[in-house]
2 protein chains.
Amino acid sequence: MLYPTLKIVIADDHSLIRQGLRLSLETQVTKHVFEADNGADALKLIQFNKPDVAILDVEMPVITGYEVALKTLEKNTDTKIIFLTMYKDDSMFNKAMDLGVKGYVLKENTVTEIMHCLEAVIQGNQYVSPAIEELLNKRNSKSQNDSQLSINLENLTVAEKNIIKLLSMMKTSQEIADELNISIKTVQNHRNNICGKLGLTGAHALLKFAIEHAELIQ
Amino acid sequence: MLYPTLKIVIADDHSLIRQGLRLSLETQVTKHVFEADNGADALKLIQFNKPDVAILDVEMPVITGYEVALKTLEKNTDTKIIFLTMYKDDSMFNKAMDLGVKGYVLKENTVTEIMHCLEAVIQGNQYVSPAIEELLNKRNSKSQNDSQLSINLENLTVAEKNIIKLLSMMKTSQEIADELNISIKTVQNHRNNICGKLGLTGAHALLKFAIEHAELIQ
DNA sequence: ATTTTTATAGGTACTTGTACCCAGATCGGA
DNA sequence: TCCGATCTGGGTACAAGTACCTATAAAAAT
């Protein structure tokens with residue numbers, strides 16, 4: 001690492017990840033590391049310390065990393081933003097790129113990759129996880145089953161995603177209707193529309209699909 | 001830390017967490033740390049190295065930490081299992097306790113807490129994240145329910161076990177009837193009898209039960 | 001040898017989910 | 001402004017699962 005006097009803010013609600021990153025950064029010569037376990041504190045740390053780089057977890061409670069980045073980049077500071085995320089969510093990736101986020105790294109990537117990302121970003125370049133680039137290529141080629149499945153999943157409307165999420169928790173249409181304060185007929189219609197979009201037919205096909213793909217549904 | 005010659009397996013699909021944990025463990029005197037980024041490798045590492053403790057992420061792709069724990073504890077090894085998880089999922093917590101998992105720590109907890117957990121587990125105690133200790137209390141207060149559940153599962157007849165196994169594969173009564181060359185009415189009667197024995201009532205209760213407990217059904 | 005359990009099969013009623021149909025309200029883009 | 005997508009609700013029909021019955025033959029337990 002070529003920049004011994006870097007100031008870096010780390011924001012992640014998982015203490016484990018913060019401490020892992022801090023330990024890794026401190027085995028390099030970087031010394032000024034600030035930690036936050038939520039978006040609000042991260043924002044304060046960034047505004048007060050004006051770090052060179054802020055490494056933000058996208059999925060944080062209350063104030064997400066995305067919102068922190070939005071408010072930070074809005075204020076025209078020199079702080080570069082690196083997003084750290086669990087999921088290969090291409091819609092979030094696109095939003096991040098639109099915002100002007102310089103780095104995008106998956107948590108499944110190694111610490112050394114984050115170091116590469118850090119170096120690239122400090123030198124004024126962009127750095128994107130190879131795994132994400134691969135995803136983008138797959139999406140463009142539209143070849144595999146899984147990618148087509150996720151395309152179909154993304155074709156669902158907000159209400160439909162809401163329904164399928166509750167379905168994956170094994171709730172009945174009546175329970176969903178009560179929870180959302182809508183008619184059971186509306187829920188059934190959404191279910192039927194989802195079946196159409198996903199190409200599902202037959203007995204309890206959607207329920208089975210939702211349970212089988214529960215992890216993929218957010 | 002009182003145990004300098006511990007062997008520990010760490011399994012998590014997020015490299016960051018693995019490296020954070022490894023660095024933390026190695027600032028202690030523990031030296032033999034093995035890493036896996038998926039359940040299959042974790043299982044191999046455990047079977048080959050027979051570690052004192054395996055720290056498993058519950059949410060891993062393909063083979064989950066839960067399945068790794070299931071197969072490890074099945075084989076009567078001395079390896080203690082610690083679950084590391086993102087969510088305060090009480091159903092998973094209960095399943096983990098049923099299995100004989102010794103430690104249960106949330107990723108939002110600090111590394112020092114994991115160290116406490118490690119010490120407790122090595123000394124033969126259980127350690128549960130304070131955040132979900134309230135769930136443990138709930139569980140102890142109504143423990144008679146769970147023990148009745150497993151008794152009831154063993155009370156199922158051969159035909160009934162056969163049926164519930166096929167049910168956990170999300171097959172319909174008609175499909176099961178065809179597969180076993182019996183009437184669909186027989187299948188439906190068995191289903192109903194199973195519902196009675198397990199105390200299940202309501203919409204698709206048995207289907208949901210079979211899917212939720214698919215791993216426990218052989 | 002008699003009783004009990006199990007596996008088999010049927011009947012009937014009700015609930016839930018799937019498969020179509022329809023239509024009004026709202027909101028954003030062409 | 002109009003069109004299309006979305007969200008909302010309703011109707012009808014059928015399939016599948018649950019709930020509760022009865023019943024017979026074979027196997028197991030007593």
# chains A, B, ... in the order shown; residues from 1 in each chain; ligands from 1
call {"tool": "interface_residues", "arguments": {"of": "chain A", "to": "chain C", "cutoff": "8 Å", "atoms": "only C-alpha atoms (C1' of nucleotides)", "output": "PyMOL selection string"}}
result
chain A and resi 172+192+201-204
call {"tool": "closest_residue", "arguments": {"among": "D:DC2, D:DC7, D:DA13, D:DC20", "to": "chain B", "atoms": "only C-alpha atoms (C1' of nucleotides)"}}
result
D:DC20
call {"tool": "interface_residues", "arguments": {"of": "chain D", "to": "chain A", "cutoff": "12 Å", "atoms": "only C-alpha atoms (C1' of nucleotides)", "output": "list of chain:residue names"}}
result
D:DA5, D:DT6, D:DC7, D:DT8, D:DG9, D:DG10, D:DG11, D:DC14, D:DA15, D:DA16, D:DG17
call {"tool": "interface_residues", "arguments": {"of": "chain B", "to": "chain A", "cutoff": "6 Å", "atoms": "only C-alpha atoms", "output": "MDAnalysis selection string"}}
result
chainID B and resid 13:17 20 107:111
